$ cat work38.cif   # mmCIF, C-alpha atoms
data_target
#
loop_
_atom_site.label_atom_id
_atom_site.label_comp_id
_atom_site.auth_asym_id
_atom_site.auth_seq_id
_atom_site.Cartn_x
_atom_site.Cartn_y
_atom_site.Cartn_z
CA MET A 24 -6.19 -17.61 2.58
CA SER A 25 -4.79 -18.44 5.99
CA PRO A 26 -1.03 -18.98 6.30
CA PRO A 27 0.38 -22.50 6.40
CA ARG A 28 2.00 -23.55 9.66
CA ASN A 29 4.83 -25.90 10.46
CA ALA A 30 4.96 -28.40 13.31
CA GLN A 31 5.80 -25.65 15.81
CA GLY A 32 2.83 -23.59 14.73
CA LEU A 33 4.98 -20.80 13.34
CA TYR A 34 4.27 -18.80 10.24
CA GLN A 35 6.31 -20.05 7.32
CA VAL A 36 8.48 -17.32 5.82
CA ARG A 37 8.13 -16.77 2.10
CA PRO A 38 9.66 -14.24 -0.31
CA ASN A 39 8.10 -10.80 -0.09
CA SER A 40 7.32 -10.56 -3.78
CA THR A 41 5.64 -12.82 -6.29
CA SER A 42 5.68 -12.83 -10.05
CA SER A 43 4.25 -14.83 -12.89
CA ALA A 44 5.48 -15.55 -16.38
CA SER A 45 1.92 -14.90 -17.52
CA THR A 46 1.21 -11.32 -18.53
CA LYS A 47 -2.26 -11.77 -17.01
CA GLU A 48 -0.88 -12.05 -13.49
CA PRO A 49 0.85 -9.21 -11.64
CA THR A 50 4.11 -8.95 -9.79
CA ILE A 51 3.30 -8.27 -6.13
CA HIS A 52 5.52 -6.66 -3.53
CA ASN A 53 4.16 -6.79 0.04
CA ILE A 54 5.86 -4.36 2.41
CA PHE A 55 5.10 -4.62 6.13
CA GLU A 56 4.93 -1.52 8.34
CA PRO A 57 5.46 -2.92 11.86
CA ALA A 58 4.35 0.02 14.01
CA THR A 59 0.77 -0.23 12.70
CA GLY A 60 0.88 -3.87 11.57
CA THR A 61 -0.03 -2.74 8.06
CA TRP A 62 0.61 -4.52 4.78
CA GLN A 63 1.34 -2.08 1.96
CA TYR A 64 1.38 -3.34 -1.61
CA ILE A 65 2.99 -2.43 -4.90
CA VAL A 66 1.30 -4.36 -7.71
CA ALA A 67 2.84 -4.21 -11.18
CA ASP A 68 2.32 -5.39 -14.73
CA PRO A 69 5.71 -7.04 -15.33
CA SER A 70 5.47 -6.60 -19.09
CA ALA A 71 4.86 -2.84 -18.96
CA LYS A 72 6.51 -1.76 -15.67
CA ALA A 73 3.22 -0.03 -14.81
CA ALA A 74 2.20 -0.32 -11.16
CA ILE A 75 -0.14 0.79 -8.40
CA ILE A 76 0.38 1.34 -4.67
CA ILE A 77 -2.24 0.11 -2.20
CA ASP A 78 -2.72 1.46 1.36
CA PRO A 79 0.58 3.32 1.94
CA VAL A 80 1.38 4.35 5.53
CA LEU A 81 2.49 7.75 6.81
CA ASN A 82 4.45 7.22 10.03
CA TYR A 83 3.12 8.86 13.18
CA GLU A 84 4.62 8.77 16.66
CA PRO A 85 1.86 9.42 19.26
CA ALA A 86 4.26 10.23 22.08
CA THR A 87 5.91 13.09 20.21
CA GLN A 88 3.19 13.71 17.59
CA ALA A 89 5.94 13.53 14.97
CA ILE A 90 5.02 12.61 11.40
CA THR A 91 7.69 11.04 9.20
CA THR A 92 7.79 9.46 5.76
CA THR A 93 10.04 6.48 6.47
CA ALA A 94 7.59 3.84 5.20
CA ALA A 95 6.57 5.90 2.18
CA ASP A 96 10.19 6.57 1.24
CA GLU A 97 10.85 2.83 1.31
CA LEU A 98 8.04 2.39 -1.20
CA LEU A 99 9.53 5.10 -3.41
CA ALA A 100 12.93 3.42 -3.23
CA LEU A 101 11.43 0.12 -4.39
CA VAL A 102 9.57 1.86 -7.22
CA LYS A 103 12.84 3.43 -8.35
CA GLU A 104 14.79 0.17 -8.02
CA LYS A 105 12.28 -1.73 -10.17
CA GLY A 106 11.80 1.06 -12.69
CA TYR A 107 8.05 1.19 -12.16
CA GLN A 108 5.74 3.97 -13.25
CA ILE A 109 2.96 4.38 -10.71
CA GLU A 110 -0.38 4.83 -12.46
CA ARG A 111 -2.63 4.97 -9.41
CA ILE A 112 -2.55 5.08 -5.62
CA LEU A 113 -5.43 3.11 -4.12
CA GLU A 114 -7.00 3.11 -0.67
CA THR A 115 -9.17 0.23 0.45
CA HIS A 116 -10.99 2.42 3.01
CA ALA A 117 -10.68 5.30 5.44
CA HIS A 118 -8.11 4.14 8.00
CA ALA A 119 -8.55 4.75 11.73
CA ASP A 120 -5.35 3.01 12.82
CA HIS A 121 -2.82 4.83 10.66
CA LEU A 122 -2.35 7.89 8.50
CA THR A 123 -2.18 7.55 4.73
CA ALA A 124 0.88 8.56 2.73
CA SER A 125 -1.10 8.86 -0.50
CA ALA A 126 -0.81 12.65 -0.83
CA TYR A 127 2.92 12.59 -0.04
CA LEU A 128 3.55 9.84 -2.57
CA GLN A 129 1.50 11.61 -5.19
CA HIS A 130 3.57 14.77 -4.75
CA GLN A 131 6.88 12.91 -4.86
CA LEU A 132 5.91 10.85 -7.88
CA ASN A 133 4.79 13.95 -9.74
CA GLN A 134 8.35 15.20 -9.40
CA THR A 135 9.99 11.99 -10.60
CA GLN A 136 7.64 10.67 -13.28
CA GLY A 137 6.11 13.91 -14.55
CA PHE A 138 2.46 13.33 -13.61
CA LYS A 139 0.37 12.84 -10.49
CA PRO A 140 -1.04 9.33 -10.16
CA PRO A 141 -4.68 9.76 -9.12
CA ILE A 142 -5.68 8.68 -5.61
CA GLY A 143 -8.71 6.37 -5.65
CA ILE A 144 -11.14 5.05 -3.04
CA GLY A 145 -14.73 3.77 -2.91
CA LYS A 146 -17.57 6.15 -3.68
CA ARG A 147 -19.06 5.80 -0.20
CA ILE A 148 -16.12 7.67 1.32
CA ALA A 149 -18.36 10.75 1.40
CA GLN A 150 -20.57 8.97 3.94
CA VAL A 151 -17.57 8.27 6.18
CA GLN A 152 -16.22 11.81 5.79
CA ASN A 153 -19.58 13.30 6.73
CA LEU A 154 -19.82 11.08 9.83
CA PHE A 155 -16.38 12.08 11.05
CA GLY A 156 -16.90 15.69 10.04
CA LEU A 157 -19.99 15.94 12.23
CA ARG A 158 -18.41 14.08 15.13
CA TYR A 159 -15.17 16.09 15.18
CA HIS A 160 -16.56 19.40 13.86
CA ILE A 161 -14.49 19.37 10.67
CA GLY A 162 -15.68 21.58 7.83
CA LYS A 163 -16.38 20.00 4.45
CA GLU A 164 -13.74 22.20 2.84
CA GLU A 165 -11.15 20.21 4.82
CA TYR A 166 -12.00 16.86 3.27
CA GLU A 167 -13.86 17.39 0.01
CA GLN A 168 -11.78 16.90 -3.15
CA VAL A 169 -9.16 14.88 -1.23
CA PHE A 170 -9.55 11.93 -3.59
CA ASP A 171 -9.20 12.10 -7.35
CA HIS A 172 -11.41 9.15 -8.24
CA LEU A 173 -14.32 7.47 -6.44
CA PHE A 174 -14.88 3.90 -7.60
CA ASP A 175 -18.29 2.43 -8.30
CA ASP A 176 -18.98 -1.15 -7.22
CA ASP A 177 -17.36 -3.61 -9.66
CA GLU A 178 -15.75 -0.78 -11.63
CA LYS A 179 -12.85 -1.84 -13.85
CA LEU A 180 -9.45 -0.15 -13.93
CA THR A 181 -6.23 -0.89 -15.74
CA ILE A 182 -2.63 -1.31 -14.63
CA GLY A 183 -0.61 -1.37 -17.82
CA GLY A 184 -2.11 -4.35 -19.62
CA LEU A 185 -3.77 -5.80 -16.52
CA THR A 186 -7.40 -5.32 -15.53
CA ALA A 187 -8.48 -4.83 -11.93
CA THR A 188 -11.95 -4.76 -10.38
CA ALA A 189 -13.10 -2.72 -7.39
CA LEU A 190 -15.10 -4.98 -5.03
CA HIS A 191 -17.39 -3.45 -2.42
CA LEU A 192 -16.62 -5.18 0.91
CA PRO A 193 -18.48 -3.20 3.58
CA GLY A 194 -18.61 -3.90 7.31
CA HIS A 195 -15.39 -2.54 8.79
CA THR A 196 -16.36 0.74 7.16
CA PRO A 197 -19.20 1.42 4.70
CA ASP A 198 -16.80 2.62 1.99
CA HIS A 199 -14.54 -0.45 2.13
CA LEU A 200 -13.24 -1.86 -1.15
CA GLY A 201 -11.10 -4.77 -2.20
CA TYR A 202 -9.21 -4.85 -5.49
CA GLN A 203 -9.14 -8.01 -7.59
CA ILE A 204 -6.18 -8.24 -9.96
CA GLY A 205 -5.86 -11.55 -11.76
CA GLU A 206 -6.13 -14.32 -9.16
CA ASN A 207 -5.39 -11.94 -6.30
CA ILE A 208 -7.67 -9.89 -4.06
CA PHE A 209 -6.29 -7.11 -1.89
CA CYS A 210 -9.00 -7.11 0.75
CA GLY A 211 -7.87 -4.42 3.17
CA ASP A 212 -9.41 -4.92 6.62
CA SER A 213 -12.22 -7.25 5.51
CA LEU A 214 -10.47 -10.51 6.37
CA PHE A 215 -7.26 -11.32 8.22
CA HIS A 216 -5.28 -14.49 8.86
CA ILE A 217 -7.19 -17.30 10.53
CA ASP A 218 -5.72 -16.69 14.01
CA ILE A 219 -6.71 -13.00 13.87
CA GLY A 220 -10.12 -13.20 12.21
CA THR A 221 -11.77 -10.06 10.92
CA ALA A 222 -11.44 -6.36 11.53
CA ARG A 223 -13.51 -4.33 13.99
CA CYS A 224 -16.93 -3.12 12.94
CA ASP A 225 -17.62 -0.68 15.80
CA PHE A 226 -16.46 2.42 13.96
CA PRO A 227 -19.08 4.92 12.74
CA GLY A 228 -20.92 3.26 9.87
CA GLY A 229 -19.50 -0.19 10.64
CA ASP A 230 -21.82 -3.18 10.51
CA ALA A 231 -21.16 -6.73 11.74
CA LYS A 232 -23.64 -8.33 9.36
CA ASN A 233 -22.10 -6.58 6.37
CA LEU A 234 -18.62 -7.60 7.52
CA TYR A 235 -19.76 -11.24 7.77
CA ASN A 236 -21.24 -11.09 4.28
CA SER A 237 -18.03 -9.52 2.91
CA ALA A 238 -15.95 -12.29 4.47
CA ARG A 239 -18.26 -14.90 2.99
CA ARG A 240 -17.97 -13.25 -0.42
CA LEU A 241 -14.19 -13.48 -0.25
CA LEU A 242 -14.21 -17.09 0.88
CA GLU A 243 -16.51 -18.08 -1.99
CA PHE A 244 -13.85 -17.28 -4.59
CA ASP A 245 -12.02 -20.23 -6.12
CA GLU A 246 -9.22 -21.69 -4.01
CA SER A 247 -6.70 -20.54 -6.61
CA VAL A 248 -7.43 -16.92 -5.67
CA LYS A 249 -4.98 -15.47 -3.13
CA ILE A 250 -6.31 -13.15 -0.43
CA TRP A 251 -3.89 -10.38 0.58
CA PRO A 252 -4.96 -8.79 3.89
CA GLY A 253 -4.37 -5.25 5.11
CA HIS A 254 -2.90 -6.14 8.52
CA ASP A 255 -1.03 -8.75 10.48
CA TYR A 256 -0.36 -8.79 14.22
CA PRO A 257 2.19 -11.53 14.88
CA ARG A 258 2.76 -12.49 18.50
CA PRO A 259 6.31 -12.32 19.88
CA THR A 260 6.75 -16.09 19.51
CA GLU A 261 5.80 -16.03 15.84
CA THR A 262 7.74 -15.28 12.70
CA LEU A 263 6.06 -12.86 10.33
CA TRP A 264 4.72 -14.71 7.33
CA HIS A 265 5.48 -13.00 4.03
CA LEU A 266 2.65 -13.81 1.67
#
$ encode --input "work38.cif" --output "structure tokens"
Amino acid sequence: MSPPRNAQGLYQVRPNSTSSASTKEPTIHNIFEPATGTWQYIVADPSAKAAIIIDPVLNYEPATQAITTTAADELLALVKEKGYQIERILETHAHADHLTASAYLQHQLNQTQGFKPPIGIGKRIAQVQNLFGLRYHIGKEEYEQVFDHLFDDDEKLTIGGLTATALHLPGHTPDHLGYQIGENIFCGDSLFHIDIGTARCDFPGGDAKNLYNSARRLLEFDESVKIWPGHDYPRPTETLWHL
């Protein structure tokens, strides 16, 4: 849902994690990566200390072409601080505006927790990979088998004792998913705050009509359901609103 505003029109600042006494609702940590305006999420079952990571960022500096793991290491530090065991790493879609830290996190977590949390994304990722492979002359051997699990529409997954559902939300990209966990939907780039609107749909395979329908689908959920977007782009006069 859109952020509340005070009399000055500024975003209200809220704590950057939420929790519920109910075992049916997750604890949510939202971690903002300012260079790309990306919201990364750690979502945990508070009763089991089991958690997932959604849309982690790998830092990239265009001017120097340097790749660093600053944002990903901050996620790992929070996982360690909270004592979480990461069961899955989830991508909402193929990102054009930032690199993913999923593979790096998977490798690091394998060292610390003794197993590799599978990396998951929507089953239509193959369509996106083929489009980009043809456009940029990338061989299939470079991108096949990158993901460990491809989700079907409305497929269920577990996080400790919690159940999540993969929601197909196409438009920005054809593979785009959201993840519903309790009364929370992590919608990626399907819907942003009210003063930003929606994501672009001019990427290969994007479709404005599908994006509109995905936004309508999200807005038709009960008002008790919280929508957690994939980006925020606060103007200099605004204070970042922590969901």
$ axis_aligned_box --input "work38.cif" --around "region 188-202 of chain A" --padding-each-side "5 Å" --output "JSON"
{"center_x": -14.2, "center_y": -1.3, "center_z": -0.8, "size_x": 20.0, "size_y": 17.8, "size_z": 29.2}
$ closest_residue --input "work38.cif" --among "A:Glu243, A:Tyr235, A:Lys249, A:Glu48" --to "Asn207 (chain A)" --atoms "only C-alpha atoms"
A:Lys249
$ atom_distance --input "work38.cif" --atom1 "CA of Pro193 (chain A)" --atom2 "CA of Thr115 (chain A)"
10.4 Å
$ residues_around --input "work38.cif" --residues "region 194-196 of chain A" --least-positions-apart "4" --cutoff "8 Å" --atoms "only C-alpha atoms" --output "PyMOL selection string"
chain A and resi 116-117+151+212-213+222-235+237
$ write_last_selection --input "work38.cif" --atoms "C-alpha atoms" --output "mmCIF file, in the coordinates of the input"
data_model
loop_
_atom_site.group_PDB
_atom_site.id
_atom_site.type_symbol
_atom_site.label_atom_id
_atom_site.label_comp_id
_atom_site.auth_asym_id
_atom_site.auth_seq_id
_atom_site.Cartn_x
_atom_site.Cartn_y
_atom_site.Cartn_z
ATOM 1 C CA HIS A 116 -10.990 2.420 3.010
ATOM 2 C CA ALA A 117 -10.680 5.300 5.440
ATOM 3 C CA VAL A 151 -17.570 8.270 6.180
ATOM 4 C CA ASP A 212 -9.410 -4.920 6.620
ATOM 5 C CA SER A 213 -12.220 -7.250 5.510
ATOM 6 C CA ALA A 222 -11.440 -6.360 11.530
ATOM 7 C CA ARG A 223 -13.510 -4.330 13.990
ATOM 8 C CA CYS A 224 -16.930 -3.120 12.940
ATOM 9 C CA ASP A 225 -17.620 -0.680 15.800
ATOM 10 C CA PHE A 226 -16.460 2.420 13.960
ATOM 11 C CA PRO A 227 -19.080 4.920 12.740
ATOM 12 C CA GLY A 228 -20.920 3.260 9.870
ATOM 13 C CA GLY A 229 -19.500 -0.190 10.640
ATOM 14 C CA ASP A 230 -21.820 -3.180 10.510
ATOM 15 C CA ALA A 231 -21.160 -6.730 11.740
ATOM 16 C CA LYS A 232 -23.640 -8.330 9.360
ATOM 17 C CA ASN A 233 -22.100 -6.580 6.370
ATOM 18 C CA LEU A 234 -18.620 -7.600 7.520
ATOM 19 C CA TYR A 235 -19.760 -11.240 7.770
ATOM 20 C CA SER A 237 -18.030 -9.520 2.910
#
$ atom_distance --input "work38.cif" --atom1 "CA of Pro252 (chain A)" --atom2 "CA of Ala94 (chain A)"
17.9 Å
$ closest_residue --input "work38.cif" --among "A:Ile75, A:Ala67, A:Leu122, A:Ile112" --to "Ala89 (chain A)" --atoms "all atoms listed in the file"
A:Leu122
$ closest_residue --input "work38.cif" --among "A:His130, A:Arg240, A:His199, A:Lys105" --to "Gly143 (chain A)" --atoms "all atoms listed in the file"
A:His199
$ residues_around --input "work38.cif" --residues "Asp176 (chain A)" --least-positions-apart "5" --cutoff "7 Å" --atoms "only C-alpha atoms" --output "PDB file with C-alpha atoms, keeping the file's coordinate frame"
ATOM      1  CA  ALA A 189     -13.100  -2.720  -7.390  1.00  0.00           C
ATOM      2  CA  LEU A 190     -15.100  -4.980  -5.030  1.00  0.00           C
ATOM      3  CA  HIS A 191     -17.390  -3.450  -2.420  1.00  0.00           C
TER       4      HIS A 191
END
$ residues_near_point --input "work38.cif" --point "(-7.9, 5.0, -0.5)" --cutoff "12 Å" --atoms "only C-alpha atoms" --output "number ranges by chain"
A: 63, 75-80, 111-118, 122-126, 141-148, 169-174, 189, 198-202, 211
$ atom_distance --input "work38.cif" --atom1 "CA of Cys210 (chain A)" --atom2 "CA of Ile250 (chain A)"
6.7 Å
$ resolve_selection --input "work38.cif" --expression "the PyMOL selection byres ((chain A and resi 97) around 12)" --output "list in words"
His52, Asn53, Ile54, Phe55, Glu56, Gln63, Tyr64, Ile65, Pro79, Val80, Leu81, Asn82, Thr91, Thr92, Thr93, Ala94, Ala95, Asp96, Leu98, Leu99, Ala100, Leu101, Val102, Lys103, Glu104, Ala124 and Leu128 of chain A
